[in-house]
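Coordinates as given in upload-v3.txt (compact mmCIF, C-alpha atoms):
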# COMPACT_ATOMS: atom_id res chain seq x y z
CA MET Y 1 6.88 16.06 4.73
CA SER Y 2 6.50 12.47 3.59
CA TYR Y 3 6.77 10.91 0.15
CA LEU Y 4 3.15 9.75 0.23
CA PRO Y 5 1.76 12.50 -2.07
CA LYS Y 6 4.46 11.75 -4.65
CA SER Y 7 3.53 8.11 -5.10
CA PRO Y 8 -0.14 7.38 -4.38
CA TRP Y 9 -1.16 3.86 -5.31
CA LEU Y 10 -4.88 3.17 -5.73
CA VAL Y 11 -7.00 0.13 -5.22
CA HIS Y 12 -10.30 0.40 -7.05
CA TYR Y 13 -13.41 -1.50 -5.99
CA ASP Y 14 -16.67 -1.58 -7.91
CA ALA Y 15 -19.46 -1.86 -5.32
CA SER Y 16 -22.64 -2.46 -7.36
CA SER Y 17 -21.77 0.40 -9.71
CA CYS Y 18 -23.32 0.56 -13.19
CA ASN Y 19 -19.70 0.65 -14.59
CA GLY Y 20 -20.13 4.28 -15.69
CA CYS Y 21 -17.86 5.60 -12.94
CA ASP Y 22 -15.50 2.61 -13.32
CA ILE Y 23 -14.92 3.40 -16.97
CA GLU Y 24 -14.17 7.01 -16.02
CA VAL Y 25 -11.71 5.82 -13.34
CA LEU Y 26 -9.93 3.71 -15.96
CA ALA Y 27 -10.05 6.63 -18.40
CA CYS Y 28 -7.72 8.49 -16.00
CA LEU Y 29 -5.03 5.90 -16.81
CA THR Y 30 -5.32 6.31 -20.59
CA PRO Y 31 -2.86 8.42 -22.60
CA LEU Y 32 -5.27 11.41 -22.56
CA TYR Y 33 -5.11 11.90 -18.76
CA ASP Y 34 -2.18 9.59 -17.83
CA VAL Y 35 -2.25 9.85 -14.03
CA GLU Y 36 1.03 7.92 -13.90
CA ARG Y 37 2.59 11.37 -14.59
CA PHE Y 38 1.95 12.01 -10.88
CA GLY Y 39 3.12 8.56 -9.80
CA VAL Y 40 -0.44 7.23 -9.47
CA LEU Y 41 -0.69 3.49 -10.10
CA ASN Y 42 -3.86 1.39 -10.12
CA ILE Y 43 -2.19 -1.30 -8.05
CA GLY Y 44 -5.08 -3.72 -7.43
CA ASN Y 45 -3.67 -5.14 -4.18
CA PRO Y 46 -5.08 -3.53 -0.99
CA LYS Y 47 -1.88 -4.30 0.95
CA HIS Y 48 0.15 -2.14 -1.43
CA ALA Y 49 -2.40 0.65 -1.84
CA ASP Y 50 -2.67 4.07 -0.19
CA ILE Y 51 -5.98 5.28 -1.64
CA PHE Y 52 -9.16 3.20 -1.71
CA VAL Y 53 -11.35 4.31 -4.62
CA VAL Y 54 -14.93 3.03 -4.40
CA THR Y 55 -17.68 3.42 -6.97
CA GLY Y 56 -21.31 2.38 -6.52
CA SER Y 57 -23.51 2.01 -3.44
CA VAL Y 58 -23.34 -0.37 -0.50
CA ASN Y 59 -25.64 -3.38 -0.32
CA GLU Y 60 -25.83 -6.47 1.86
CA GLN Y 61 -23.58 -8.45 -0.49
CA ASN Y 62 -20.66 -6.08 -0.75
CA LYS Y 63 -20.45 -4.37 2.63
CA GLU Y 64 -18.23 -7.15 4.03
CA VAL Y 65 -16.01 -6.93 0.95
CA ILE Y 66 -15.60 -3.17 1.38
CA LYS Y 67 -14.74 -3.56 5.08
CA ASN Y 68 -12.33 -6.37 4.25
CA ILE Y 69 -10.43 -4.37 1.61
CA TYR Y 70 -10.31 -1.33 3.92
CA ASN Y 71 -8.97 -3.36 6.84
CA GLN Y 72 -6.25 -4.93 4.70
CA MET Y 73 -4.76 -1.58 3.72
CA ALA Y 74 -1.71 -0.33 5.62
CA ASP Y 75 -1.90 3.01 7.46
CA PRO Y 76 -1.96 5.85 6.47
CA LYS Y 77 -4.85 5.30 4.05
CA VAL Y 78 -7.68 7.38 2.61
CA VAL Y 79 -11.01 6.52 1.00
CA VAL Y 80 -12.39 8.34 -2.05
CA ALA Y 81 -16.08 7.75 -2.89
CA ILE Y 82 -16.65 8.35 -6.59
CA GLY Y 83 -20.01 9.10 -8.19
CA ALA Y 84 -23.52 9.81 -6.91
CA CYS Y 85 -24.11 6.21 -5.77
CA ALA Y 86 -20.91 5.98 -3.70
CA THR Y 87 -21.46 9.35 -2.04
CA SER Y 88 -25.13 8.93 -1.10
CA GLY Y 89 -26.69 5.91 -2.75
CA GLY Y 90 -27.78 8.01 -5.73
CA ILE Y 91 -30.97 7.03 -7.49
CA PHE Y 92 -30.81 3.61 -5.82
CA ARG Y 93 -30.84 4.95 -2.23
CA GLU Y 94 -34.44 3.85 -1.60
CA CYS Y 95 -34.07 0.36 -3.00
CA TYR Y 96 -34.81 -2.34 -0.42
CA ASN Y 97 -31.34 -3.87 -0.76
CA VAL Y 98 -29.27 -0.66 -0.79
CA GLN Y 99 -27.86 0.75 2.43
CA GLY Y 100 -26.72 4.06 0.90
CA GLY Y 101 -23.29 5.61 0.39
CA ILE Y 102 -19.92 4.09 1.25
CA ASP Y 103 -19.76 6.17 4.46
CA ASN Y 104 -22.33 3.81 5.99
CA VAL Y 105 -19.61 1.15 6.22
CA ILE Y 106 -16.17 2.80 6.32
CA PRO Y 107 -14.99 6.39 6.94
CA VAL Y 108 -14.85 8.35 3.65
CA ASP Y 109 -12.39 11.22 3.28
CA VAL Y 110 -13.22 12.69 -0.14
CA TYR Y 111 -16.54 12.70 -1.99
CA VAL Y 112 -16.51 13.08 -5.76
CA PRO Y 113 -20.03 13.80 -7.09
CA GLY Y 114 -21.28 13.21 -10.63
CA CYS Y 115 -23.20 10.62 -12.62
CA ALA Y 116 -20.89 9.50 -14.02
CA ALA Y 117 -18.06 11.46 -12.36
CA ARG Y 118 -15.83 13.01 -15.02
CA PRO Y 119 -12.14 11.99 -15.17
CA GLU Y 120 -11.12 15.58 -14.31
CA ALA Y 121 -13.31 15.43 -11.18
CA ILE Y 122 -11.83 12.04 -10.23
CA ILE Y 123 -8.25 13.34 -10.60
CA ASP Y 124 -9.20 16.41 -8.53
CA GLY Y 125 -10.66 14.13 -5.85
CA VAL Y 126 -7.50 12.03 -5.73
CA VAL Y 127 -5.35 15.18 -5.47
CA GLN Y 128 -7.48 16.36 -2.52
CA ALA Y 129 -7.10 12.90 -0.99
CA LEU Y 130 -3.31 13.37 -1.09
CA GLY Y 131 -3.65 16.30 1.32
CA VAL Y 132 -5.68 14.14 3.70
CA LEU Y 133 -3.12 11.32 3.32
CA GLU Y 134 -0.26 13.64 4.33
CA GLU Y 135 -2.30 14.91 7.31
CA LYS Y 136 -2.98 11.34 8.47
CA TYR Y 137 0.72 10.51 8.15
CA GLN Y 138 1.67 13.50 10.34
CA ASN Y 139 -0.96 12.45 12.93
CA LEU Y 140 0.42 8.90 12.95
CA ARG Y 141 3.92 10.25 13.58
CA LYS Y 142 2.65 12.40 16.46
CA VAL Y 143 0.99 9.35 18.01
CA ALA Y 144 4.19 7.34 17.52
CA LYS Y 145 6.21 10.03 19.34
CA MET L 1 43.57 -8.21 -9.17
CA SER L 2 45.01 -6.40 -6.16
CA GLY L 3 43.03 -6.69 -2.93
CA ASN L 4 42.45 -2.95 -2.43
CA TYR L 5 41.07 -2.45 -5.92
CA ALA L 6 38.67 -5.40 -5.46
CA TRP L 7 37.37 -3.95 -2.18
CA LEU L 8 36.94 -0.55 -3.83
CA MET L 9 34.79 -2.15 -6.56
CA VAL L 10 32.73 -4.01 -3.95
CA ILE L 11 32.09 -0.82 -1.94
CA LEU L 12 31.26 1.12 -5.12
CA TYR L 13 28.80 -1.62 -6.10
CA ILE L 14 27.09 -1.67 -2.69
CA ILE L 15 26.73 2.14 -2.63
CA LEU L 16 26.04 2.93 -6.29
CA ALA L 17 24.02 -0.09 -7.48
CA PRO L 18 20.69 0.99 -5.87
CA PHE L 19 21.03 4.47 -7.41
CA ILE L 20 21.89 3.08 -10.85
CA GLY L 21 19.20 0.39 -10.58
CA GLY L 22 16.60 2.94 -9.48
CA LEU L 23 17.50 5.33 -12.29
CA ILE L 24 17.32 2.47 -14.81
CA ALA L 25 13.85 1.62 -13.45
CA GLY L 26 12.80 5.29 -13.75
CA VAL L 27 14.06 5.58 -17.33
CA ASP L 28 12.39 2.23 -18.06
CA ARG L 29 9.01 3.53 -16.85
CA ARG L 30 9.39 6.76 -18.84
CA ILE L 31 10.36 4.93 -22.06
CA SER L 32 7.53 2.39 -21.55
CA ALA L 33 5.08 5.30 -21.14
CA ARG L 34 6.35 6.94 -24.34
CA MET L 35 5.96 3.63 -26.20
CA GLN L 36 2.30 3.64 -25.05
CA SER L 37 2.00 7.35 -26.15
CA ARG L 38 1.75 8.53 -22.54
CA TYR L 39 3.92 11.18 -20.86
CA GLY L 40 5.11 8.92 -18.05
CA PRO L 41 6.23 9.48 -14.45
CA PRO L 42 9.29 11.49 -13.34
CA ILE L 43 12.65 9.68 -13.72
CA LEU L 44 13.01 9.65 -9.92
CA GLN L 45 9.58 8.02 -9.43
CA PRO L 46 10.99 4.60 -8.32
CA PHE L 47 12.84 6.39 -5.46
CA TYR L 48 9.63 8.22 -4.43
CA ASP L 49 7.87 4.83 -4.40
CA ILE L 50 10.54 3.32 -2.16
CA PHE L 51 10.50 6.24 0.31
CA LYS L 52 6.70 6.15 0.28
CA LEU L 53 6.66 2.43 1.09
CA MET L 54 9.05 3.07 3.98
CA ASN L 55 6.61 5.70 5.35
CA LYS L 56 3.79 3.15 5.50
CA SER L 57 3.08 1.08 8.57
CA SER L 58 4.07 -2.58 8.36
CA ILE L 59 1.61 -5.45 8.20
CA ALA L 60 3.42 -8.72 8.98
CA VAL L 61 1.44 -11.86 8.31
CA ASN L 62 4.25 -13.93 9.82
CA PRO L 63 6.89 -12.40 12.14
CA GLN L 64 9.61 -14.34 10.30
CA GLN L 65 8.88 -12.90 6.86
CA ARG L 66 11.11 -9.83 7.39
CA LEU L 67 14.06 -12.11 8.24
CA TYR L 68 13.69 -14.08 4.98
CA ILE L 69 13.40 -10.86 2.96
CA ILE L 70 16.54 -9.48 4.61
CA CYS L 71 18.32 -12.76 3.72
CA PHE L 72 17.09 -12.27 0.13
CA ILE L 73 18.53 -8.77 -0.22
CA VAL L 74 21.76 -9.70 1.63
CA PHE L 75 22.44 -12.63 -0.70
CA VAL L 76 21.64 -10.55 -3.79
CA ILE L 77 24.18 -7.99 -2.56
CA ILE L 78 26.72 -10.75 -1.78
CA SER L 79 26.38 -12.26 -5.26
CA GLY L 80 26.86 -8.84 -6.87
CA ALA L 81 29.81 -8.12 -4.56
CA ILE L 82 31.48 -11.42 -5.54
CA PHE L 83 31.00 -10.51 -9.20
CA PHE L 84 32.18 -6.90 -9.07
CA GLY L 85 35.00 -7.81 -6.67
CA GLY L 86 36.35 -10.08 -9.41
CA GLY L 87 35.56 -13.32 -7.57
CA ASP L 88 34.28 -16.65 -8.80
CA LEU L 89 31.50 -16.33 -11.37
CA LEU L 90 30.03 -19.72 -10.42
CA LEU L 91 29.79 -18.72 -6.77
CA ALA L 92 28.15 -15.39 -7.70
CA ILE L 93 25.51 -17.17 -9.78
CA PHE L 94 24.73 -19.76 -7.13
CA ALA L 95 24.54 -17.05 -4.43
CA LEU L 96 21.93 -15.34 -6.62
CA THR L 97 19.96 -18.58 -6.85
CA LEU L 98 20.14 -18.91 -3.06
CA ALA L 99 18.76 -15.35 -2.78
CA SER L 100 15.79 -16.30 -4.99
CA ILE L 101 15.14 -19.31 -2.75
CA PHE L 102 14.92 -16.98 0.29
CA LEU L 103 12.29 -14.89 -1.54
CA ILE L 104 10.33 -18.08 -2.21
CA ILE L 105 10.57 -19.12 1.46
CA ALA L 106 9.38 -15.62 2.45
CA ALA L 107 6.35 -16.04 0.18
CA TYR L 108 5.62 -19.52 1.59
CA SER L 109 5.91 -18.22 5.16
CA THR L 110 2.82 -16.02 4.64
CA PHE L 111 0.45 -18.99 4.10
CA SER L 112 -1.50 -17.11 1.42
CA PRO L 113 -2.92 -18.91 -1.63
CA TYR L 114 -1.73 -16.18 -4.01
CA ALA L 115 1.74 -16.19 -2.43
CA TYR L 116 1.83 -20.02 -2.80
CA ILE L 117 0.98 -19.82 -6.51
CA GLY L 118 3.46 -16.97 -6.96
CA ALA L 119 6.19 -18.95 -5.19
CA GLU L 120 5.49 -22.01 -7.35
CA ARG L 121 5.66 -19.90 -10.49
CA GLU L 122 8.91 -18.32 -9.25
CA MET L 123 10.38 -21.82 -8.86
CA LEU L 124 9.29 -22.76 -12.39
CA GLN L 125 10.95 -19.55 -13.51
CA ILE L 126 14.19 -20.55 -11.77
CA MET L 127 13.98 -23.94 -13.51
CA ALA L 128 13.53 -22.11 -16.82
CA TYR L 129 16.53 -19.75 -16.59
CA GLU L 130 19.03 -21.73 -14.49
CA PRO L 131 20.31 -24.10 -17.29
CA MET L 132 21.14 -21.16 -19.56
CA VAL L 133 22.87 -19.24 -16.73
CA ILE L 134 25.08 -22.25 -16.01
CA LEU L 135 25.80 -22.75 -19.73
CA THR L 136 26.84 -19.07 -19.90
CA THR L 137 29.37 -19.67 -17.12
CA VAL L 138 30.61 -22.86 -18.78
CA GLY L 139 30.96 -21.08 -22.13
CA MET L 140 32.98 -18.28 -20.54
CA TYR L 141 35.22 -20.88 -18.88
CA MET L 142 35.79 -22.74 -22.16
CA VAL L 143 37.01 -19.57 -23.86
CA THR L 144 39.05 -18.01 -21.04
CA LYS L 145 39.96 -21.19 -19.08
CA SER L 146 38.92 -19.48 -15.83
CA PHE L 147 35.82 -19.02 -13.67
CA ASN L 148 37.38 -15.93 -12.15
CA VAL L 149 35.48 -12.78 -13.18
CA TRP L 150 38.66 -10.69 -13.25
CA ASP L 151 40.41 -13.19 -15.57
CA ILE L 152 37.34 -13.32 -17.84
CA ALA L 153 37.21 -9.50 -17.96
CA MET L 154 40.94 -9.30 -18.77
CA TYR L 155 40.70 -11.77 -21.69
CA ASP L 156 42.29 -10.08 -24.68
CA GLN L 157 39.44 -10.36 -27.19
CA PRO L 158 35.66 -9.86 -26.77
CA LEU L 159 33.85 -13.01 -25.64
CA LEU L 160 30.92 -12.07 -27.89
CA TYR L 161 32.88 -13.23 -30.98
CA SER L 162 33.35 -16.78 -29.68
CA LEU L 163 30.06 -16.97 -27.70
CA PRO L 164 27.37 -15.45 -29.97
CA GLY L 165 24.89 -18.29 -29.29
CA ILE L 166 25.43 -18.10 -25.56
CA PHE L 167 24.98 -14.32 -25.65
CA LEU L 168 21.63 -14.64 -27.45
CA GLY L 169 20.55 -17.39 -25.05
CA PHE L 170 21.52 -15.20 -22.11
CA LEU L 171 19.49 -12.32 -23.58
CA PHE L 172 16.50 -14.67 -23.73
CA ILE L 173 16.65 -15.57 -20.04
CA LEU L 174 17.49 -11.96 -19.13
CA THR L 175 13.85 -11.17 -19.97
CA ILE L 176 12.85 -13.67 -17.26
CA LYS L 177 15.36 -12.27 -14.76
CA PHE L 178 14.32 -8.64 -15.41
CA ARG L 179 10.71 -9.79 -14.80
CA LYS L 180 9.54 -8.44 -18.13
CA SER L 181 6.65 -9.51 -20.32
CA PRO L 182 6.22 -12.13 -21.92
CA PHE L 183 8.02 -13.94 -19.05
CA ASP L 184 6.84 -11.99 -15.99
CA ILE L 185 4.91 -14.91 -14.55
CA SER L 186 5.52 -14.48 -10.82
CA MET L 187 6.48 -10.88 -10.00
CA SER L 188 5.63 -8.51 -12.83
CA HIS L 189 7.13 -5.04 -12.36
CA HIS L 190 3.93 -3.51 -13.70
CA ALA L 191 0.98 -2.67 -11.46
CA HIS L 192 -0.70 -6.06 -11.78
CA GLN L 193 -2.26 -8.20 -9.08
CA GLU L 194 -3.10 -11.73 -7.97
CA ILE L 195 -1.19 -14.46 -9.85
CA VAL L 196 1.27 -12.37 -11.87
CA ARG L 197 2.38 -10.59 -8.67
CA GLY L 198 1.57 -13.52 -6.43
CA ILE L 199 4.93 -13.76 -4.71
CA ILE L 200 4.67 -10.22 -3.27
CA THR L 201 0.92 -10.26 -2.51
CA GLU L 202 1.41 -10.40 1.26
CA PHE L 203 4.33 -7.98 1.52
CA SER L 204 3.69 -4.30 2.13
CA GLY L 205 5.55 -1.24 3.34
CA THR L 206 9.24 -1.70 4.13
CA ASP L 207 9.21 -5.39 3.13
CA LEU L 208 8.07 -4.47 -0.38
CA ALA L 209 10.62 -1.64 -0.53
CA LEU L 210 13.44 -4.09 0.36
CA ILE L 211 12.31 -6.51 -2.38
CA GLU L 212 12.32 -3.67 -4.90
CA ILE L 213 15.83 -2.51 -3.84
CA ALA L 214 17.08 -6.12 -4.09
CA HIS L 215 15.65 -6.23 -7.62
CA TRP L 216 17.68 -3.11 -8.52
CA TYR L 217 20.88 -4.69 -7.16
CA GLU L 218 20.08 -7.82 -9.17
CA ASN L 219 19.50 -5.83 -12.38
CA VAL L 220 22.86 -4.06 -12.06
CA PHE L 221 24.57 -7.43 -11.46
CA LEU L 222 22.90 -8.94 -14.55
CA LEU L 223 23.85 -5.96 -16.71
CA GLY L 224 27.38 -6.50 -15.38
CA ILE L 225 27.29 -10.04 -16.86
CA VAL L 226 26.14 -8.53 -20.18
CA CYS L 227 29.12 -6.13 -20.05
CA LEU L 228 31.42 -9.13 -19.49
CA PHE L 229 30.72 -10.25 -23.07
CA PHE L 230 32.58 -7.17 -24.34
CA ALA L 231 34.80 -6.45 -21.34
CA SER L 232 37.95 -5.79 -23.41
CA SER L 233 36.56 -2.39 -24.43
CA PRO L 234 34.52 -0.92 -21.54
CA ILE L 235 32.79 1.83 -23.59
CA ILE L 236 31.38 -0.67 -26.10
CA ALA L 237 30.40 -2.95 -23.18
CA LEU L 238 28.40 -0.08 -21.65
CA ILE L 239 26.71 0.68 -24.97
CA LEU L 240 25.94 -3.04 -25.33
CA ALA L 241 24.27 -3.06 -21.88
CA ILE L 242 22.19 0.04 -22.76
CA VAL L 243 21.11 -1.47 -26.10
CA VAL L 244 20.22 -4.77 -24.36
CA TYR L 245 18.11 -2.99 -21.75
CA PHE L 246 16.33 -0.93 -24.42
CA LEU L 247 15.60 -4.16 -26.30
CA GLU L 248 14.12 -5.65 -23.10
CA ILE L 249 11.82 -2.61 -22.70
CA TRP L 250 10.75 -2.96 -26.32
CA ILE L 251 9.99 -6.67 -25.87
CA ASP L 252 8.16 -5.89 -22.61
CA ASN L 253 5.83 -3.46 -24.37
CA ASN L 254 5.20 -5.57 -27.44
CA TYR L 255 4.47 -9.07 -26.22
CA SER L 256 1.70 -10.43 -24.03
CA ARG L 257 2.42 -12.74 -21.11
CA LEU L 258 2.92 -16.45 -21.82
CA LYS L 259 1.76 -19.43 -19.79
CA TRP L 260 4.42 -20.96 -17.55
CA GLN L 261 4.54 -24.06 -19.78
CA SER L 262 5.64 -21.93 -22.74
CA VAL L 263 8.16 -20.05 -20.60
CA LEU L 264 9.76 -23.28 -19.38
CA GLY L 265 9.65 -24.97 -22.81
CA SER L 266 11.01 -22.05 -24.80
CA ALA L 267 13.76 -21.28 -22.27
CA TRP L 268 14.99 -24.88 -22.34
CA ILE L 269 14.84 -25.10 -26.14
CA VAL L 270 16.87 -21.89 -26.39
CA ALA L 271 19.37 -23.22 -23.82
CA LEU L 272 19.64 -26.49 -25.75
CA VAL L 273 19.98 -25.03 -29.24
CA LEU L 274 21.94 -21.80 -28.64
CA GLY L 275 23.74 -22.68 -25.40
CA VAL L 276 24.68 -26.33 -25.98
CA GLY L 277 25.18 -25.65 -29.71
CA ASN L 278 27.71 -22.93 -29.00
CA ILE L 279 29.53 -25.06 -26.41
CA ALA L 280 29.63 -28.02 -28.83
CA TYR L 281 31.16 -25.74 -31.46
CA LEU L 282 33.80 -24.54 -28.99
CA ALA L 283 34.60 -28.14 -27.97
CA LEU L 284 34.89 -29.42 -31.55
CA ARG L 285 36.77 -26.42 -32.93
Is it possible to give me this structure as C-alpha cells?
Amino acid sequence: MSYLPKSPWLVHYDASSCNGCDIEVLACLTPLYDVERFGVLNIGNPKHADIFVVTGSVNEQNKEVIKNIYNQMADPKVVVAIGACATSGGIFRECYNVQGGIDNVIPVDVYVPGCAARPEAIIDGVVQALGVLEEKYQNLRKVAK
Amino acid sequence: MSGNYAWLMVILYIILAPFIGGLIAGVDRRISARMQSRYGPPILQPFYDIFKLMNKSSIAVNPQQRLYIICFIVFVIISGAIFFGGGDLLLAIFALTLASIFLIIAAYSTFSPYAYIGAEREMLQIMAYEPMVILTTVGMYMVTKSFNVWDIAMYDQPLLYSLPGIFLGFLFILTIKFRKSPFDISMSHHAHQEIVRGIITEFSGTDLALIEIAHWYENVFLLGIVCLFFASSPIIALILAIVVYFLEIWIDNNYSRLKWQSVLGSAWIVALVLGVGNIAYLALR
C-alpha cells in the first residue's frame, strides 16, 4: 500500500479543447466540489504530478506537447482523457487536422465521456485513476525486486 | 545552560520539528480552505504528500542536485539545532542563510530557465529579509548584552516591551520566510507553477520531499525566534507564536502577490523605519 492514492497531484493540459471540459475541470477545485478534500492539487508542473488530465483532441500542433508533458512526469503516472474529444476525437474526429483521441499519442488509463464532462464524472474518473496508479506502483516495485 | 540539557533540546528539535512543522502546515491548509469557504484536506495531508513523493521515482537533471539539497536540509537542521541548543543566535542565522544559498546552488545546477529565474528571485528575497534579521539579532543583543540564545531566553523581562518595532519588522519579513503571499515570489507553498515556484521546478520525488521537510524545520526555527520575544513566560510565548502564524495565514489569503521590486523596497523601508528606529531609541535611551 503506497501513499499515492492519498495525495494525487494533477497536471492539466488543454489540447485544442473548446474550454467546456476545462471549465468543468476547474469547477472541481471550487468550494462546491473542493477536490483538495482528497488531497488533489492542480499542480501545473509535470515533474511534480501523478495524474495527467487531458481535454480536447490531438492535432499536429499539440501531439509533441502532449508527448513532452507525459515524458517529463515521474513514474508511476496515469493519464485521464476527459470529454468526448479527448476520448475519441468527438465531433472533430473527421477534420483534416485532427488525429483523434489522446490514445493515438500516449497510453490512456481512464476515459471520462461527456460533452462537456460533468465535474462529478471527472472526480469519478480521477478516483478510478487512483486505483490504476496504485497498481502501477505495485508493478514498479515488483520490477525493482 | 548545562551541556546535557542543551543536547536534549537539540535531539528533541531534530526529532519533533518535522512533526510539528508538518502539523502546522496541515492546520494551515485547513484554515486557508475554511477562509476560502472550502472544506479543506485532512490535517495529516502534508505527511501523505511527503510519503507520496518518496514513493515516486527520481528524475535527476544533474547528478549533483541531490547533494546540494542534502546540504540545504542539513544546514537548516544545524541552524535550528544551534538555536534550540542555546548557542549563538548570530551563528544560527548565518547558518540558515548558508542553507538558502545551497538551495539556490541546487536550482542553478539544473540549468533550467525557470529554475534560474526562481533562484534569482530567491536571492532577491534573501536581500529583502536579511537586513531585518540582522537588526533583530542586534536589537536582542542591545537589550540583553548577549548573542547567546540561552542568555536572551533567560532575560528577566519580555523583550517585546523594549523591542516592539523590531518585533513588527520581524513579523513583516516572517511573511517572506514562511513563503506566504504577498511575498511568495520564488517558492510559493500553494500549487502554483513556473516563476512563483521556479526554484523547485526541476525537483521531483524525494528531492522535493526533502525541500518540504527542510521548510518545516525552518518554520519551527522561525517560530522559535518569535517565542524568544516573550521567553520569560513560555505559555504566553506559545500563544504569541500561534497568533503570529494565524496572522500570516490571514495575510496569505487576503493579499495578492507583489512584484519583487515592491518586496525588496517595502522590506528595506520596514527594516529602516521599524528596525533602525527601535535600535536608535535603545541607543539614545
### Query
For chain L against chain Y, which residues fall within 10 Å using all atoms listed in the file, given as a PyMOL selection string?
chain L and resi 29-30+33-34+36-42+44-59+190-194+197+200-205+208
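Our summary of the geometry notes that CA of Trp150 (chain L) is positioned 25.7 Å from CA of Thr175 (chain L).
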### Point-to-point distance from CA of Ala237 (chain L) to CA of Gly224 (chain L), Å rounded to tenths
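Taking CA of Ala237 (chain L) as the start and CA of Gly224 (chain L) as the end point, the length is 9.1 Å.
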### Task
For CA of Ile24 (chain L) and CA of Met140 (chain L), quote the distance in Å rounded to one decimal.
26.6 Å
### Message
If we count all atoms listed in the file and set the cut-off at 6 Å, which residues sit around region 91-102 of chain L, ignoring sequence neighbours fewer than 2 positions away in its own chain? Please answer as number ranges by chain.
### Response
L: 68, 72, 75-76, 79, 82-83, 88-89, 104-105
What does the file look like for those residues with C-alpha atoms, as a PDB file, in the frame of the given file?
ATOM      1  CA  TYR L  68      13.690 -14.080   4.980  1.00  0.00           C
ATOM      2  CA  PHE L  72      17.090 -12.270   0.130  1.00  0.00           C
ATOM      3  CA  PHE L  75      22.440 -12.630  -0.700  1.00  0.00           C
ATOM      4  CA  VAL L  76      21.640 -10.550  -3.790  1.00  0.00           C
ATOM      5  CA  SER L  79      26.380 -12.260  -5.260  1.00  0.00           C
ATOM      6  CA  ILE L  82      31.480 -11.420  -5.540  1.00  0.00           C
ATOM      7  CA  PHE L  83      31.000 -10.510  -9.200  1.00  0.00           C
ATOM      8  CA  ASP L  88      34.280 -16.650  -8.800  1.00  0.00           C
ATOM      9  CA  LEU L  89      31.500 -16.330 -11.370  1.00  0.00           C
ATOM     10  CA  ILE L 104      10.330 -18.080  -2.210  1.00  0.00           C
ATOM     11  CA  ILE L 105      10.570 -19.120   1.460  1.00  0.00           C
TER      12      ILE L 105
END
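Distances to Val133 (chain L) were evaluated for L:Trp7, L:Val276, L:Ser262, L:Leu282 using all atoms listed in the file, and the minimum falls at L:Val276.
Take the candidates Y:Val143, Y:Val78, Y:Ile69, Y:Cys85 and check each one against Pro113 (chain Y) using all atoms listed in the file; the shortest distance goes to Y:Cys85.
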### Message
So, with all atoms listed in the file as the atoms that count, which of Y:Val127, Y:Val79, Y:Cys18, Y:Ala116 lies closest to Asp103 (chain Y)?
### Response
Y:Val79
### Task
Determine the nearest neighbour of Tyr70 (chain Y) from the options Y:Ile106, Y:Cys21, Y:Val98, Y:Ala15, counting only C-alpha atoms.
Y:Ile106
#### Entry: Close residues, Lys63 (chain Y) itself excluded, 10 Å, all atoms listed in the file, min 5 positions apart in chain, as a list of chain:residue names
Y:Ala15, Y:Ser57, Y:Val58, Y:Asn68, Y:Gln99, Y:Ile102, Y:Asn104, Y:Val105, Y:Ile106
Just the selected residues (C-alpha atoms), exported as a compact mmCIF listing (two decimals), in the frame of the given file, please.
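Everything below was put into selection34.txt:
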# COMPACT_ATOMS: atom_id res chain seq x y z
CA ALA Y 15 -19.46 -1.86 -5.32
CA SER Y 57 -23.51 2.01 -3.44
CA VAL Y 58 -23.34 -0.37 -0.50
CA ASN Y 68 -12.33 -6.37 4.25
CA GLN Y 99 -27.86 0.75 2.43
CA ILE Y 102 -19.92 4.09 1.25
CA ASN Y 104 -22.33 3.81 5.99
CA VAL Y 105 -19.61 1.15 6.22
CA ILE Y 106 -16.17 2.80 6.32
### Task
Name all residues at most 8 Å from region 2-6 of chain L (count all atoms listed in the file; drop same-chain ones fewer than 6 positions away) and give them as a list in words.
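Returned residues: Phe84, Gly85 and Gly86 of chain L.
Taking all atoms listed in the file into account, Gly101 (chain Y) lies nearest to Y:Ala84 out of the set Y:Ile51, Y:Ala129, Y:Val25, Y:Ala84.
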### Task
Please provide as a ChimeraX atom specification all residues within 7 Å of Leu135 (chain L), with the sequence filter that same-chain residues fewer than 4 positions apart are discarded (counting only C-alpha atoms).
/L:131,139,275
Listed atoms of region 210-222 of chain L boxed along x, y and z, 6 Å each side, centre and edge lengths in Å, one decimal, as JSON:
{"center_x": 18.4, "center_y": -5.7, "center_z": -7.1, "size_x": 24.3, "size_y": 18.4, "size_z": 26.9}
## Note on the structure
From the list L:Val243, L:Ile251, L:Val27, L:Ile173, the nearest residue to Ile126 (chain L) using all atoms listed in the file is L:Ile173
### Task
Find the residues around Glu120 (chain L) up to 10 Å (all atoms listed in the file counted), leave out those fewer than 6 positions away in its own chain, and share them as a list in words.
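Surrounding residues, per the criterion: Ile104, Ala107, Tyr108, Tyr114, Ile126, Ser186, Gly198 and Ile199 of chain L.
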